[in-house]
Structures are given as structure tokens and as C-alpha cells.
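As provided, data00.cif (mmCIF, C-alpha atoms) reads as follows.
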```
data_target
loop_
_atom_site.label_atom_id
_atom_site.label_comp_id
_atom_site.auth_asym_id
_atom_site.auth_seq_id
_atom_site.Cartn_x
_atom_site.Cartn_y
_atom_site.Cartn_z
CA MET A 1 -37.63 -28.12 -108.22
CA LYS A 2 -33.93 -29.00 -108.04
CA LEU A 3 -32.83 -30.99 -105.00
CA SER A 4 -30.38 -28.69 -103.18
CA LYS A 5 -27.30 -30.09 -101.43
CA GLU A 6 -28.61 -28.72 -98.13
CA PHE A 7 -31.87 -30.65 -98.57
CA LEU A 8 -29.94 -33.83 -99.36
CA VAL A 9 -27.69 -33.38 -96.33
CA LEU A 10 -30.74 -33.09 -94.07
CA LEU A 11 -32.53 -36.00 -95.74
CA ASN A 12 -29.44 -38.14 -95.35
CA ALA A 13 -29.24 -37.25 -91.65
CA ALA A 14 -32.86 -38.32 -91.18
CA LEU A 15 -32.33 -41.57 -93.09
CA SER A 16 -29.19 -42.48 -91.16
CA GLY A 17 -30.65 -41.41 -87.83
CA ASN A 18 -27.55 -39.27 -87.19
CA THR A 19 -27.23 -35.57 -86.44
CA PRO A 20 -25.28 -33.76 -89.17
CA ASP A 21 -21.78 -32.84 -88.12
CA GLY A 22 -18.33 -31.85 -89.47
CA GLY A 23 -18.27 -30.71 -93.08
CA VAL A 24 -22.00 -31.15 -93.30
CA MET A 25 -22.45 -28.55 -90.56
CA ASP A 26 -20.36 -26.13 -92.63
CA ILE A 27 -22.82 -26.44 -95.49
CA LEU A 28 -25.77 -25.71 -93.19
CA ASN A 29 -23.92 -22.92 -91.35
CA SER A 30 -23.68 -20.91 -94.52
CA THR A 31 -27.27 -21.55 -95.58
CA SER A 32 -29.12 -18.29 -96.30
CA PRO A 33 -32.70 -17.61 -95.13
CA GLU A 34 -33.85 -17.88 -98.77
CA CYS A 35 -32.16 -21.24 -99.03
CA TRP A 36 -33.99 -22.46 -95.92
CA GLN A 37 -37.27 -21.50 -97.56
CA ILE A 38 -36.22 -23.54 -100.58
CA ILE A 39 -35.38 -26.55 -98.37
CA ALA A 40 -38.92 -26.32 -96.95
CA ALA A 41 -40.41 -26.09 -100.45
CA ILE A 42 -38.44 -29.10 -101.75
CA SER A 43 -39.41 -31.14 -98.68
CA ARG A 44 -43.07 -30.31 -99.29
CA GLU A 45 -42.84 -31.14 -102.97
CA GLN A 46 -41.17 -34.49 -102.24
CA ASN A 47 -43.48 -35.19 -99.28
CA VAL A 48 -40.65 -35.73 -96.79
CA THR A 49 -41.37 -32.84 -94.41
CA GLY A 50 -41.54 -35.20 -91.42
CA LEU A 51 -38.14 -36.74 -92.15
CA VAL A 52 -36.39 -33.48 -93.00
CA GLY A 53 -38.22 -31.81 -90.10
CA ASP A 54 -36.65 -34.31 -87.73
CA ALA A 55 -33.16 -33.50 -89.01
CA VAL A 56 -33.80 -29.74 -88.88
CA THR A 57 -35.18 -29.75 -85.34
CA ASN A 58 -32.23 -31.83 -84.12
CA LEU A 59 -29.61 -29.47 -85.53
CA SER A 60 -27.26 -27.65 -83.21
CA GLU A 61 -28.60 -24.31 -81.97
CA LYS A 62 -25.49 -22.75 -83.45
CA ILE A 63 -27.05 -23.10 -86.88
CA ALA A 64 -29.25 -20.12 -87.61
CA ILE A 65 -32.59 -21.18 -89.04
CA PRO A 66 -35.31 -18.61 -89.81
CA GLU A 67 -37.92 -18.92 -87.08
CA ASN A 68 -40.82 -19.47 -89.47
CA VAL A 69 -38.94 -22.31 -91.21
CA PHE A 70 -37.95 -23.91 -87.91
CA LEU A 71 -41.54 -23.77 -86.60
CA TYR A 72 -42.83 -25.11 -89.90
CA PHE A 73 -40.53 -28.13 -89.70
CA LEU A 74 -41.27 -28.71 -86.02
CA ALA A 75 -45.00 -28.69 -86.73
CA GLU A 76 -44.61 -30.93 -89.79
CA LYS A 77 -42.50 -33.45 -87.88
CA GLU A 78 -44.99 -33.66 -85.02
CA LYS A 79 -47.99 -33.76 -87.34
CA CYS A 80 -46.35 -36.53 -89.33
CA ALA A 81 -45.52 -38.49 -86.18
CA LEU A 82 -49.11 -38.20 -84.89
CA GLN A 83 -50.47 -39.30 -88.26
CA GLY A 84 -47.88 -42.08 -88.56
CA ARG A 85 -48.75 -43.54 -85.17
CA ARG A 86 -52.46 -43.34 -85.97
CA MET A 87 -52.00 -45.07 -89.32
CA ALA A 88 -49.81 -47.77 -87.80
CA ALA A 89 -52.47 -48.46 -85.16
CA ILE A 90 -55.20 -48.66 -87.82
CA ALA A 91 -53.08 -50.96 -90.01
CA LYS A 92 -52.39 -53.18 -87.01
CA SER A 93 -56.06 -53.37 -86.10
CA ILE A 94 -57.05 -54.27 -89.70
CA ILE A 95 -54.41 -56.99 -89.84
CA ASN A 96 -55.44 -58.34 -86.42
CA GLY A 97 -59.06 -58.38 -87.58
CA PHE A 98 -58.19 -60.50 -90.62
CA ASN A 99 -55.80 -62.69 -88.58
CA GLU A 100 -58.64 -63.49 -86.17
CA LYS A 101 -60.59 -64.80 -89.15
CA GLY A 102 -57.68 -66.98 -90.20
CA LEU A 103 -56.41 -64.72 -93.00
CA ASN A 104 -52.88 -63.35 -93.35
CA PRO A 105 -52.67 -60.01 -95.15
CA ILE A 106 -49.29 -58.53 -96.04
CA LEU A 107 -48.70 -54.78 -96.08
CA LEU A 108 -47.63 -53.25 -99.37
CA LYS A 109 -45.95 -50.00 -100.41
CA GLY A 110 -45.73 -47.17 -97.82
CA PRO A 111 -46.97 -48.98 -94.71
CA ALA A 112 -44.66 -51.89 -95.50
CA THR A 113 -41.61 -49.66 -95.55
CA ALA A 114 -42.15 -47.41 -92.53
CA ALA A 115 -40.61 -50.04 -90.25
CA PHE A 116 -37.33 -49.82 -92.17
CA TYR A 117 -36.81 -46.16 -91.22
CA PRO A 118 -34.97 -45.11 -88.03
CA LYS A 119 -38.22 -43.40 -86.91
CA PRO A 120 -41.06 -45.30 -88.64
CA GLU A 121 -43.71 -42.77 -87.65
CA LEU A 122 -41.98 -40.11 -89.77
CA ARG A 123 -42.44 -42.04 -93.03
CA SER A 124 -45.90 -40.66 -93.74
CA TYR A 125 -48.52 -42.47 -95.77
CA GLY A 126 -52.09 -41.60 -96.57
CA ASP A 127 -53.64 -44.97 -97.27
CA ILE A 128 -53.09 -48.63 -96.51
CA ASP A 129 -52.39 -51.24 -99.18
CA LEU A 130 -52.83 -54.92 -98.35
CA PHE A 131 -52.04 -58.07 -100.27
CA PHE A 132 -53.75 -61.46 -99.91
CA ASN A 133 -52.75 -64.58 -101.76
CA ARG A 134 -55.29 -65.89 -104.26
CA ASP A 135 -56.82 -68.36 -101.84
CA GLU A 136 -57.47 -65.73 -99.22
CA PHE A 137 -58.33 -62.77 -101.43
CA HIS A 138 -61.97 -63.76 -102.05
CA LYS A 139 -62.51 -64.59 -98.38
CA ALA A 140 -61.12 -61.15 -97.46
CA ARG A 141 -63.48 -59.55 -99.97
CA ASP A 142 -66.46 -61.33 -98.43
CA ILE A 143 -65.42 -60.19 -94.96
CA ALA A 144 -64.96 -56.58 -96.11
CA LYS A 145 -68.30 -56.73 -97.92
CA SER A 146 -70.21 -57.91 -94.88
CA GLU A 147 -68.47 -55.58 -92.42
CA THR A 148 -67.74 -52.33 -94.23
CA GLY A 149 -69.04 -52.55 -97.76
CA PHE A 150 -66.42 -52.21 -100.47
CA ILE A 151 -65.79 -50.82 -103.90
CA LEU A 152 -64.43 -53.09 -106.59
CA ALA A 153 -61.78 -51.55 -108.84
CA SER A 154 -61.44 -52.46 -112.50
CA ASP A 155 -58.02 -54.05 -111.90
CA GLY A 156 -59.59 -56.66 -109.61
CA SER A 157 -58.51 -55.05 -106.35
CA PHE A 158 -61.08 -53.74 -103.88
CA HIS A 159 -61.28 -50.82 -101.59
CA PHE A 160 -62.88 -50.06 -98.22
CA LYS A 161 -62.59 -47.48 -95.46
CA LYS A 162 -61.53 -48.02 -91.89
CA ASP A 163 -61.66 -45.06 -89.47
CA ASP A 164 -61.75 -42.74 -92.49
CA VAL A 165 -58.59 -44.26 -93.93
CA ASP A 166 -58.60 -45.68 -97.46
CA VAL A 167 -57.65 -49.34 -97.60
CA ASP A 168 -56.81 -50.94 -100.97
CA VAL A 169 -56.71 -54.71 -101.12
CA HIS A 170 -54.81 -56.47 -103.91
CA ASP A 171 -54.36 -60.01 -105.10
CA LYS A 172 -51.15 -59.01 -106.89
CA TYR A 173 -48.06 -58.38 -104.80
CA PHE A 174 -45.93 -56.90 -107.57
CA ASP A 175 -46.78 -53.93 -109.81
CA LEU A 176 -45.53 -55.97 -112.73
CA HIS A 177 -46.99 -57.72 -115.76
CA VAL A 178 -44.62 -60.70 -115.57
CA SER A 179 -46.14 -63.87 -114.12
CA GLU A 180 -45.72 -63.96 -110.34
CA ASP A 181 -44.72 -67.63 -110.58
CA LYS A 182 -41.36 -66.47 -111.96
CA LEU A 183 -40.79 -64.00 -109.14
CA PRO A 184 -39.58 -64.44 -105.52
CA GLN A 185 -41.87 -66.15 -103.07
CA VAL A 186 -44.11 -63.86 -100.99
CA PRO A 187 -43.36 -62.98 -98.24
CA SER A 188 -39.58 -62.81 -98.44
CA SER A 189 -36.93 -60.10 -98.30
CA GLU A 190 -36.29 -60.48 -102.03
CA ALA A 191 -40.03 -60.08 -102.71
CA THR A 192 -40.20 -56.93 -100.56
CA LEU A 193 -37.31 -55.34 -102.43
CA LEU A 194 -38.65 -56.29 -105.84
CA MET A 195 -42.11 -54.98 -104.90
CA LEU A 196 -40.70 -51.60 -103.80
CA SER A 197 -38.47 -51.22 -106.84
CA ALA A 198 -41.33 -52.18 -109.19
CA HIS A 199 -43.62 -49.67 -107.45
CA ALA A 200 -41.08 -46.87 -107.97
CA LEU A 201 -40.59 -47.98 -111.58
CA LYS A 202 -44.31 -47.90 -112.27
CA HIS A 203 -44.53 -44.29 -111.15
CA ALA A 204 -41.27 -43.29 -112.85
CA CYS A 205 -42.75 -44.54 -116.14
CA GLY A 206 -46.11 -42.90 -115.47
CA THR A 207 -47.00 -39.62 -113.80
CA GLY A 208 -43.70 -39.39 -111.96
CA VAL A 209 -41.84 -40.61 -108.92
CA GLY A 210 -40.71 -38.69 -105.86
CA ILE A 211 -37.71 -39.16 -103.65
CA ARG A 212 -39.81 -40.90 -100.98
CA GLN A 213 -40.33 -43.99 -103.13
CA ILE A 214 -36.58 -44.05 -103.67
CA THR A 215 -35.78 -43.71 -99.96
CA ASP A 216 -38.26 -46.54 -99.32
CA TYR A 217 -36.15 -48.87 -101.42
CA ALA A 218 -32.90 -47.55 -99.92
CA MET A 219 -34.13 -48.02 -96.34
CA ALA A 220 -35.53 -51.49 -97.04
CA CYS A 221 -32.34 -52.58 -98.79
CA ASP A 222 -30.24 -51.29 -95.92
CA ALA A 223 -32.45 -52.80 -93.20
CA LEU A 224 -32.69 -56.19 -94.93
CA LYS A 225 -28.91 -56.44 -95.45
CA GLY A 226 -27.86 -60.02 -94.75
CA GLU A 227 -31.45 -61.26 -94.99
CA TYR A 228 -31.59 -61.50 -98.76
CA ASP A 229 -29.40 -63.06 -101.38
CA PRO A 230 -28.15 -60.30 -103.74
CA GLU A 231 -27.64 -62.81 -106.54
CA ARG A 232 -31.19 -64.16 -106.23
CA LEU A 233 -32.46 -60.60 -106.16
CA ASP A 234 -30.53 -59.69 -109.31
CA GLU A 235 -31.97 -62.78 -110.95
CA ALA A 236 -35.49 -61.66 -110.02
CA PHE A 237 -34.83 -58.22 -111.54
CA ARG A 238 -33.53 -59.92 -114.68
CA LYS A 239 -36.64 -62.11 -114.97
CA ALA A 240 -38.82 -59.05 -114.51
CA GLY A 241 -36.86 -57.19 -117.21
CA MET A 242 -35.86 -54.55 -114.68
CA THR A 243 -32.07 -54.84 -114.51
CA LYS A 244 -31.36 -51.51 -116.22
CA TRP A 245 -33.91 -49.77 -114.04
CA GLN A 246 -32.45 -51.39 -110.96
CA ILE A 247 -28.94 -50.20 -111.83
CA LEU A 248 -30.31 -46.67 -112.29
CA LEU A 249 -32.21 -46.83 -108.99
CA CYS A 250 -29.19 -48.12 -107.05
CA SER A 251 -26.94 -45.54 -108.73
CA PHE A 252 -29.26 -42.77 -107.57
CA ILE A 253 -29.28 -44.12 -104.03
CA ILE A 254 -25.49 -44.43 -103.93
CA ASN A 255 -24.59 -41.21 -105.77
CA VAL A 256 -27.31 -38.86 -104.53
CA LEU A 257 -28.46 -40.22 -101.17
CA GLY A 258 -24.98 -41.45 -100.20
CA ILE A 259 -26.33 -44.83 -99.03
CA GLN A 260 -24.18 -47.81 -100.01
CA ILE A 261 -26.31 -50.66 -101.35
CA PRO A 262 -25.43 -53.48 -103.76
CA CYS A 263 -25.95 -52.56 -107.41
CA PRO A 264 -26.62 -55.32 -110.00
CA GLY A 265 -23.37 -56.23 -111.70
CA GLY A 266 -21.49 -54.06 -109.21
CA LYS A 267 -21.46 -51.03 -111.51
CA THR A 268 -23.18 -47.67 -111.26
CA VAL A 269 -24.37 -45.34 -114.01
CA SER A 270 -25.29 -41.66 -114.12
CA GLU A 271 -28.33 -40.97 -111.94
CA GLU A 272 -29.39 -38.02 -114.14
CA PRO A 273 -32.40 -39.63 -115.92
CA LEU A 274 -34.04 -40.50 -112.59
CA LEU A 275 -33.00 -37.25 -110.94
CA LYS A 276 -34.71 -35.36 -113.77
CA ILE A 277 -38.03 -37.14 -113.16
CA ILE A 278 -37.83 -36.63 -109.39
CA GLU A 279 -37.03 -32.93 -109.74
CA GLU A 280 -39.65 -32.40 -112.45
CA GLY A 281 -42.72 -33.49 -110.55
CA GLY A 282 -41.90 -34.38 -106.95
CA ASN A 283 -44.03 -36.89 -105.08
CA PHE A 284 -45.87 -39.10 -107.64
CA GLY A 285 -45.41 -36.24 -110.14
CA HIS A 286 -48.09 -34.21 -108.36
CA HIS A 287 -46.05 -31.02 -108.81
CA ALA A 288 -45.24 -31.41 -112.48
CA ALA A 289 -46.21 -28.51 -114.71
CA GLY A 290 -49.90 -28.74 -115.58
CA ARG A 291 -50.61 -31.68 -113.25
CA GLY A 292 -52.38 -29.51 -110.67
CA GLU A 293 -54.83 -28.35 -113.33
CA VAL A 294 -56.34 -31.81 -113.74
CA TYR A 295 -56.98 -32.44 -110.04
CA GLY A 296 -60.67 -32.22 -109.30
CA LYS A 297 -61.40 -32.62 -113.00
CA SER A 298 -63.25 -35.59 -114.48
CA THR A 299 -61.72 -39.06 -114.41
CA VAL A 300 -61.47 -38.96 -118.20
CA LYS A 301 -59.38 -35.76 -118.09
CA ARG A 302 -57.11 -37.19 -115.41
CA LYS A 303 -56.70 -40.43 -117.35
CA MET A 304 -55.92 -38.48 -120.50
CA ASP A 305 -53.28 -36.50 -118.62
CA THR A 306 -51.79 -39.72 -117.22
CA PHE A 307 -51.76 -41.22 -120.70
CA ARG A 308 -50.04 -38.12 -122.13
CA ARG A 309 -47.39 -38.32 -119.43
CA PHE A 310 -46.92 -42.03 -120.05
CA LEU A 311 -46.28 -41.26 -123.74
CA GLU A 312 -43.85 -38.45 -122.90
CA ARG A 313 -41.96 -40.85 -120.66
CA LEU A 314 -41.74 -43.58 -123.31
CA PRO A 315 -38.07 -43.01 -124.23
CA PHE A 316 -37.16 -43.44 -120.55
CA SER A 317 -39.48 -46.41 -120.03
CA ILE A 318 -38.31 -48.26 -123.14
CA LYS A 319 -34.70 -47.74 -122.16
CA TYR A 320 -34.96 -48.81 -118.53
CA ALA A 321 -37.85 -51.31 -118.51
CA PRO A 322 -38.63 -52.41 -122.08
CA LYS A 323 -40.51 -55.56 -121.08
CA GLU A 324 -42.81 -53.78 -118.66
CA THR A 325 -43.33 -50.89 -121.05
CA LEU A 326 -44.41 -53.21 -123.84
CA SER A 327 -46.84 -55.00 -121.52
CA THR A 328 -48.24 -51.69 -120.28
CA MET A 329 -48.75 -50.55 -123.86
CA LEU A 330 -50.62 -53.75 -124.64
CA SER A 331 -52.80 -53.13 -121.58
CA LEU A 332 -53.42 -49.61 -122.80
CA LEU A 333 -54.50 -50.91 -126.15
CA GLY A 334 -56.93 -53.06 -124.24
CA GLY A 335 -58.21 -49.87 -122.59
CA ASN A 336 -57.01 -50.93 -119.24
CA LEU A 337 -54.69 -48.25 -117.83
CA HIS A 338 -54.62 -48.18 -114.03
CA ILE A 339 -51.98 -45.67 -113.01
CA MET B 1 -64.65 -26.12 -70.29
CA ARG B 2 -61.89 -28.39 -71.55
CA LEU B 3 -58.66 -27.91 -73.47
CA THR B 4 -58.40 -29.22 -77.00
CA ASP B 5 -56.64 -32.52 -77.49
CA GLU B 6 -55.50 -31.39 -80.95
CA ALA B 7 -52.41 -29.67 -79.59
CA ILE B 8 -49.08 -30.69 -78.12
CA LEU B 9 -46.36 -28.85 -76.23
CA ARG B 10 -42.75 -29.16 -77.27
CA GLU B 11 -39.51 -27.64 -76.03
CA SER B 12 -37.10 -26.92 -78.84
CA ARG B 13 -34.03 -24.69 -79.04
CA GLY B 14 -34.78 -23.35 -75.56
CA LYS B 15 -38.28 -22.29 -76.55
CA LEU B 16 -41.62 -23.65 -75.39
CA ILE B 17 -43.85 -24.18 -78.39
CA LEU B 18 -47.48 -25.18 -78.63
CA LEU B 19 -48.37 -26.96 -81.85
CA VAL B 20 -52.03 -26.97 -82.80
CA PHE B 21 -53.40 -29.39 -85.40
CA ASN B 22 -57.04 -28.86 -86.27
CA ASN B 23 -59.35 -28.45 -89.24
CA LYS B 24 -58.06 -24.89 -89.67
CA GLY B 25 -54.58 -26.25 -90.36
CA THR B 26 -51.39 -26.42 -88.32
CA ARG B 27 -50.14 -23.59 -86.13
CA ALA B 28 -47.08 -23.19 -83.97
CA MET B 29 -46.96 -20.60 -81.19
CA GLU B 30 -44.34 -19.75 -78.63
CA VAL B 31 -45.69 -19.87 -75.06
CA ASN B 32 -44.36 -18.98 -71.61
CA ASP B 33 -43.86 -20.92 -68.37
CA SER B 34 -47.21 -20.00 -66.83
CA PHE B 35 -49.02 -21.11 -69.99
CA VAL B 36 -47.22 -24.45 -69.80
CA PHE B 37 -48.07 -24.79 -66.11
CA LEU B 38 -51.78 -24.23 -66.77
CA TRP B 39 -51.77 -26.35 -69.90
CA ASN B 40 -50.21 -29.33 -68.16
CA LYS B 41 -52.38 -28.99 -65.07
CA PHE B 42 -55.68 -28.72 -66.92
CA SER B 43 -55.15 -31.04 -69.89
CA ASP B 44 -57.73 -33.84 -70.04
CA ILE B 45 -59.94 -32.43 -67.25
CA ASP B 46 -62.91 -30.07 -67.04
CA PHE B 47 -62.16 -26.73 -65.41
CA SER B 48 -63.53 -23.24 -64.78
CA VAL B 49 -61.97 -19.75 -64.72
CA GLU B 50 -61.99 -20.05 -60.92
CA ASP B 51 -60.00 -23.28 -61.09
CA LEU B 52 -57.36 -21.51 -63.19
CA ALA B 53 -57.25 -18.56 -60.77
CA SER B 54 -56.83 -20.87 -57.74
CA ALA B 55 -54.02 -22.73 -59.50
CA LEU B 56 -52.23 -19.46 -60.27
CA VAL B 57 -52.54 -18.32 -56.64
CA GLU B 58 -51.22 -21.65 -55.41
CA GLU B 59 -48.32 -21.89 -57.87
CA TYR B 60 -47.18 -18.28 -58.05
CA GLY B 61 -48.51 -16.86 -54.77
CA ILE B 62 -50.16 -13.93 -56.52
CA ASP B 63 -53.08 -11.85 -55.29
CA PRO B 64 -56.46 -13.64 -55.90
CA GLU B 65 -57.94 -10.66 -57.73
CA ALA B 66 -54.97 -10.44 -60.08
CA ALA B 67 -55.11 -14.21 -60.54
CA GLN B 68 -58.81 -13.99 -61.46
CA ALA B 69 -58.04 -11.32 -64.05
CA ASP B 70 -55.13 -13.35 -65.47
CA ALA B 71 -57.27 -16.48 -65.60
CA SER B 72 -60.08 -14.65 -67.44
CA GLN B 73 -57.61 -13.22 -69.91
CA THR B 74 -56.03 -16.65 -70.43
CA VAL B 75 -59.42 -18.21 -71.17
CA SER B 76 -60.19 -15.43 -73.68
CA ILE B 77 -56.90 -16.08 -75.46
CA TRP B 78 -57.52 -19.84 -75.47
CA LYS B 79 -60.99 -19.25 -76.95
CA GLU B 80 -59.65 -16.91 -79.64
CA SER B 81 -56.91 -19.39 -80.48
CA SER B 82 -59.35 -22.34 -80.70
CA LEU B 83 -57.60 -24.08 -77.85
CA LEU B 84 -60.84 -24.96 -76.06
CA LYS B 85 -63.05 -27.86 -77.07
CA GLU B 86 -66.39 -26.91 -78.57
CA GLU B 87 -69.11 -27.44 -75.92
#
```

Mind converting the file's structure to C-alpha cells?
Amino acid sequence: MKLSKEFLVLLNAALSGNTPDGGVMDILNSTSPECWQIIAAISREQNVTGLVGDAVTNLSEKIAIPENVFLYFLAEKEKCALQGRRMAAIAKSIINGFNEKGLNPILLKGPATAAFYPKPELRSYGDIDLFFNRDEFHKARDIAKSETGFILASDGSFHFKKDDVDVDVHDKYFDLHVSEDKLPQVPSSEATLLMLSAHALKHACGTGVGIRQITDYAMACDALKGEYDPERLDEAFRKAGMTKWQILLCSFIINVLGIQIPCPGGKTVSEEPLLKIIEEGGNFGHHAAGRGEVYGKSTVKRKMDTFRRFLERLPFSIKYAPKETLSTMLSLLGGNLHI
Amino acid sequence: MRLTDEAILRESRGKLILLVFNNKGTRAMEVNDSFVFLWNKFSDIDFSVEDLASALVEEYGIDPEAAQADASQTVSIWKESSLLKEE
């Protein structure tokens, strides 16, 4: 589903923490009831109903919003906030538990980025991803085994449940094939930004990426301004073979989200290739044509669908991340696809 | 009986709205001042129809019989709307 300008205006308001005004209000003033329904549908598809809901419910009363849409967004915002606070409390308790045993987990992906948003509780996430360095990873696994039981994944990570929430524990910080020795030290601002960009790249080259993974990078980059060295970061992207991807990602953030962040080499390109993927499938590509049909089907069928999508995306992947794509293909040949 | 803790009250655009989040999904309903009064007074405590009626008499100065009828009706609506905790 195409991202409408009204949706982007509201998303931008939520990301900046400001209430839309001036010319932006004019756009929303002339928004038809049908268009409001579309804004709700896009927000659902991109899994940003909490964020957009916050912007919608803070709009001036002068803007006419269909009652059912307004109530939908109000409910989504509150539901998201409740869930966000619950998840944050669970994440904190897990981290405290490991800290008490002398281990130092680092949050990855969604939970790691919520703090960069003006209202962290509105950046929803369904599970918790943790990273331990190699020395601590096995100790963490032993603790999880004795306390909760755990499931070992084929990529070496393990999984357990805490208060009905899925927790995935990794010994790799970056979703990349390049040796971590060549990449920024963990934890650091450069590492956080590389991790988020690599995570978005992985999904862009696989089943699909939604706007939420892009806003994660944008919010982190904005919040960490002054805390990272742009040149060192560009160097890390170069070593990871991600420079072209990074320019595309930054171009999208600047051109579409209207958030000014440094772009490698100081130049932007057309955001169209990334926009196409985002509009095609929404959050993680869940809404792409035919994707819904494989949910609930066997793992083999889902893996086959993922593989097909990976192949369809090859022209994009080879263009924007050739090194990673080649490594992923080699992994695939080894029968080891974990998307 | 006890009110569900899977609901929250919000005031938005001049309207009082109760948002209910339970296993049946999410619902939003517009409510009035007396609903809000009772909701706030009886959240997190056990109560009976008589307790509601007494509160209505005290707050609005209405006739006890009318208050009893209103309280019974309110409880019926809360039951139908899954706003009471399962006993």
C-alpha cells in the first residue's frame, strides 16, 4: 500500500514529538473520510499505529476525523503504550536478573531503539532480543537452562520465555557475515547504528522491510548525534560492504521522513528502490501478496516462500549490498538460511 | 463484584472514552459523567449494587429507589460489556 502524504505528515509529527501545524494542518484539513481510513490501513500495515495514533489524537479539534478512525487510533495508542510499558518492565527485569549474576546483556533491535523515540512506549515490539559477548553467552545459556529451559536455534542463538514474552539470545551483535573483529566495538554508538542498519538491510533483502525499521535507524541516528563519529561510522559501513545501502537508507530518511541525518559521502540518491519494498509488503513484508497464505503452514513452506522472495530481491540485494548477498548465498548453499 | 483492570478511561476531544483491552479484542466506547464517577470510585475495590446505589444518592442526591434501579441497570450493562471481572 502506497504511503500517503497524510500518513507521512502524521508519522513525522510523532517522530519529532511536535503537533502538526501550518501547511501540514492544511493537508490534514482537506483529508477525506476515505483518506482517513487509508491512513489507518497504512499504519496497521507498517505496524506504527501507536506512533501515528499519538499524532492523530493530539491534532487540533478543528480537524475533522471520522469518529471510528479517531477511536481506533486512540485505542491503538493506549494499547501500544500499555504493551510498551509492560515489555520495558520485562526487559529490565531480565537484564537485572543477568546483572545480578555478573553478566551484562545488551538489548538488540526493537527494544534497543524504543528509548530513542520521543515516547518510547509507543515504539511497539513483540519480543526481546539480547546480545552477550562470547565469554558470557554460554554462562547465560546455562542460567536460562536451569531457570526457564530454553530452545536452541540452528544459528547458535537460544530462546526462552519470560512472562509469556519470547526472548531471543544471540552471541552475534550484527546481522552481518563480515567478521565482527572488523566492526565497531560493542557497545558503542557506532555499533548501535550499524546493527540497526544491518537489521533493516537483512529484511530488505529477504521477506521485506517496513517503515518501522527505518524510523528505528532515523531515531537512533538523531538521538545519538554528537555521540558518534560519522567518519568512523562510514568506515564501518564500508568494511561491511554496506555503503550503497547506507546511502539509500539515509536518502529515504531525508527525502521521505524529512529527518536530516548525515549521509555517507554527503550525497543522496533516489529513495524509490527502498520505498517500493516498504510499500509492497509493509512490516517485515508480512503484507506482501501471497505472504499471508504461508502463515500457519509448515516450516518448509515458509522457508521456501522466504527463499523465493530472497531470489526475487536479488537484483536489489546485489546492487546495494553485494558482499552480504554473496555471503548469504553461500550460507544458502550450505542449507543454512535463517531469515 | 469487581471492575475489570483491562480498561482505561481517557478524555479526548471533549469526550470521555472507555478503552477496553481483553481477549475479545480492543473496544472504545463513549461514556458519561456518572459512568466516570462510578468507575473511578469503584476501581480496584469489591462492591455491590447497594454500594453503587448509595454512591449515586450521595453524589447526585437522587431518590434511593431510583438510585437502586440505576445501579442495577449499570451493573447489567457492565456485565454485558465484559467490564466486570469473572468471579

Leaving out segment 10-12 of chain B and any residue of its chain fewer than 2 positions from it, which residues lie within 10 Å of it when counting only C-alpha atoms, given as JSON, numbers by chain?
{"A": [57, 58, 61, 70, 71, 74, 75, 78], "B": [7, 8, 14, 15, 16, 17, 18, 19, 28, 30, 31, 36]}

Run through the PyMOL selection byres ((chain A and resi 202) around 10) on the given coordinates and return the selected residues as a ChimeraX atom specification.
/A:175-176,196-201,203-209,317,321,324-325,328,339

Check every residue of chain A for an atom within 12 Å of chain B, counting only C-alpha atoms, and provide those that qualify as a PyMOL selection string.
chain A and resi 54+56-65+67-83

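Nearest to Ile95 of chain A of all the residues A:Tyr320, A:Phe307, A:Phe132, A:Phe174 is A:Phe132, counting only C-alpha atoms.
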
Name all residues at most 10 Å from segment 243-247 of chain A (count all atoms listed in the file; drop same-chain ones fewer than 2 positions away) and give them as a PyMOL selection string.
chain A and resi 194+197-198+200-201+204+234-241+249-253+262-271+274+316-317+319-322

To verify the selection step, state as a list in words which residues the PyMOL selection byres ((chain B and resi 73-78) around 10) yields on this input.
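The output of the PyMOL selection byres ((chain B and resi 73-78) around 10) on this file is Met1, Leu3, Thr4, Phe35, Leu38, Ser48, Val49, Leu52, Ala53, Ala67, Gln68, Ala69, Asp70, Ala71, Ser72, Lys79, Glu80, Ser81, Ser82, Leu83, Leu84 and Lys85 of chain B.
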
Nearest residue to Phe7 of chain A out of A:Arg44, A:Arg313, A:Lys92, A:Arg86, using all atoms listed in the file?
A:Arg44

Residue by residue, what does the PyMOL selection byres ((chain A and resi 148) around 8) grab here? Present the result as a PyMOL selection string.
chain A and resi 144-147+149-150+160-162

Length of the atom CA of Ile38 of chain A to atom CA of Gly84 of chain A vector [Å]
25.0 Å

Segment 276-284 of chain A surroundings by all atoms listed in the file, 6 Å radius, close-in-sequence under 5 positions cut, as JSON, numbers by chain:
{"A": [1, 2, 45, 46, 208, 209, 210]}

Point-to-point distance from atom CA of Asp51 of chain B to atom CA of Glu6 of chain B, Å rounded to tenths
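These two atoms are separated by 21.9 Å.
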
Name all residues at most 12 Å from Asp135 of chain A (count only C-alpha atoms; drop same-chain ones fewer than 6 positions away) and give them as a VMD selection string.
chain A and resid 102 to 105 141 171

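In this model, the gap between atom CA of Ala91 of chain A and atom CA of Asp166 of chain A comes to 10.7 Å.
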
Considering all atoms listed in the file, state which residue in the set B:Asn23, B:Ile45, B:Glu50, B:Ser34 is at the smallest distance from Pro64 of chain B.
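When distances to Pro64 of chain B are compared using all atoms listed in the file, the smallest one comes from B:Glu50.
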
Counting all atoms listed in the file, figure out which residue out of B:Asp46, B:Phe37, B:Lys24, B:Leu9 gets nearest to Glu58 of chain B.
B:Phe37

Given only C-alpha atoms as the basis, pick out the residue of A:Leu314, A:Leu15, A:Leu3, A:Ala40 nearest to Asp222 of chain A.
A:Leu15

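Minimum atom-to-atom distance to Ser43 of chain A, evaluated using all atoms listed in the file, belongs to A:Ser4 out of A:Ser298, A:Thr113, A:Asn255, A:Ser4.
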
Reconstruct N, CA and C atoms of segment 66-74 of chain B from the incomplete input and present them as a compact mmCIF listing (two decimals), in the coordinates of the input.
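Output saved as out.txt:
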```txt
# COMPACT_ATOMS: atom_id res chain seq x y z
N ALA B 66 -55.82 -10.47 -58.89
CA ALA B 66 -54.97 -10.44 -60.08
C ALA B 66 -55.02 -11.80 -60.78
N ALA B 67 -55.05 -12.85 -59.97
CA ALA B 67 -55.11 -14.21 -60.54
C ALA B 67 -56.41 -14.40 -61.32
N GLN B 68 -57.51 -13.88 -60.77
CA GLN B 68 -58.81 -13.99 -61.46
C GLN B 68 -58.76 -13.27 -62.81
N ALA B 69 -58.15 -12.08 -62.79
CA ALA B 69 -58.04 -11.32 -64.05
C ALA B 69 -57.16 -12.06 -65.06
N ASP B 70 -56.03 -12.60 -64.57
CA ASP B 70 -55.13 -13.35 -65.47
C ASP B 70 -55.83 -14.58 -66.04
N ALA B 71 -56.58 -15.26 -65.17
CA ALA B 71 -57.27 -16.48 -65.60
C ALA B 71 -58.32 -16.14 -66.66
N SER B 72 -59.06 -15.05 -66.45
CA SER B 72 -60.08 -14.65 -67.44
C SER B 72 -59.42 -14.32 -68.77
N GLN B 73 -58.30 -13.60 -68.68
CA GLN B 73 -57.61 -13.22 -69.91
C GLN B 73 -57.08 -14.48 -70.64
N THR B 74 -56.56 -15.41 -69.85
CA THR B 74 -56.03 -16.65 -70.43
C THR B 74 -57.13 -17.40 -71.17
```
